[in-house]
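First comes the structure, then the notes that go with it.
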Amino acid sequence: MQKIKYTLLSLVLITTTQSCWKYSFTGVSDLKAETFQVNYFQNNSALIEPGLERDFTIALQDLLTNQTSLGLVTSNGDLVYEGEISEYRISPTTATSDNRAAQNRLTISVQVRFYDKNDPEAELDQRFSFFYDYPGSSQLVGSQKTAAHEEIFERITQDIFNATLAKW
């Protein structure tokens, strides 16, 4: 009886430890890639915002660096991200009784092309978009604009990560 208990306990421990070694908190576990490359995302939207391209490119690089063990390279990456900012638009979302904007919305859309040298079937060409709402009585300048860009970039880059690496 004692031998059966030890055998069952050993079997449970082996099964548990072997199934957990592939677990990852970000959902990325069995990548064959070692490096990634993020090409400069040009702003092709009708409304030009200085520095937007640089800030988005850096935000995507930072997210991938922080959530994976991949190394960032400037060329010949195993994984390649490229694309453009296709929309940067401010529009009213609600109006007051005297036809003034009660709330405005900043929308940023990014067209992303993703290539995986080790898995051509994982390639992706998709548009990602998110928005930030703010009061119609205020201007989107200074720290409010910075906060809006950071919130939008955080959401878009996480969506890109999920679609390309986490497969969510």
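Convention: chains lettered A, B, ... in structure tokens order; per-chain residue numbering from 1; ligands numbered from 1 as shown.
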* To do: Step one, run DSSP on the backbone; step two, keep only residues of stretch 34-129 of chain A assigned to strand (DSSP E); then write them as a VMD selection string.
  => chain A and resid 35 to 38 42 to 43 71 to 72 79 to 95 101 to 116 124 to 129
* Spatial neighbours of A:Phe130, max dist 12 Å, only C-alpha atoms, sep filter under 5 positions, as a VMD selection string -> chain A and resid 85 87 to 89 105 to 110 148 to 160
* Asked: Where does DSSP see helix (DSSP H, G or I) in chain A, if you list the residues as JSON, numbers by chain?
  -> {"A": [2, 3, 4, 5, 6, 7, 8, 9, 10, 11, 12, 13, 14, 15, 16, 17, 18, 19, 20, 52, 53, 54, 55, 56, 57, 58, 59, 60, 61, 62, 63, 64, 65, 66, 67, 120, 121, 122, 142, 143, 144, 145, 146, 147, 148, 149, 150, 151, 152, 153, 154, 155, 156, 157, 158, 159, 160, 161, 162, 163, 164, 165, 166]}
* Nearest residue to A:Ser91 from the set A:Asp133, A:Lys145, A:Thr35, A:Leu64 (distances using only C-alpha atoms) -> A:Asp133
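Here atom CA of A:Thr164 and atom CA of A:Phe56 stand 17.0 Å from one another.
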* To do: Quick one: everything within 7 Å of stretch 68-79 of chain A, counting only C-alpha atoms, minus sequence neighbours fewer than 2 positions away in the same chain. Send it as a ChimeraX atom specification.
  => /A:33-37,64-66,81,115-117
* Could you work out how far atom CA of A:Leu52 lies from atom CA of A:Ser138, giving the answer in Å with one decimal? -> 20.8 Å
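Of the residues under consideration (A:Thr93, A:Phe128, A:Pro50, A:Ala102), A:Phe128 shows the shortest atom-to-atom contact distance to A:Asn162 when counting only C-alpha atoms.
Between atom CA of A:Phe114 and atom CA of A:Leu165 lies a distance of 10.1 Å.
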* Tell me which protein, DNA and RNA residues are within 6 Å of A:Gly136, counting only C-alpha atoms, leaving out same-chain ones fewer than 5 positions away, and put them as a ChimeraX atom specification. => /A:101-104
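Nearest residue to A:Ala59 among A:Phe41, A:Ala166, A:Arg113, A:Ala122 is A:Phe41, counting only C-alpha atoms.
Using only C-alpha atoms, the shortest contact distance between A:Glu49 and any of A:Ala163, A:Val80, A:Leu140, A:Leu31 is found at A:Leu140.
Across A:Asp62, A:Asp125, A:Pro135, A:Gln111, the tightest approach to A:Pro92 is made by A:Pro135 when counting only C-alpha atoms.
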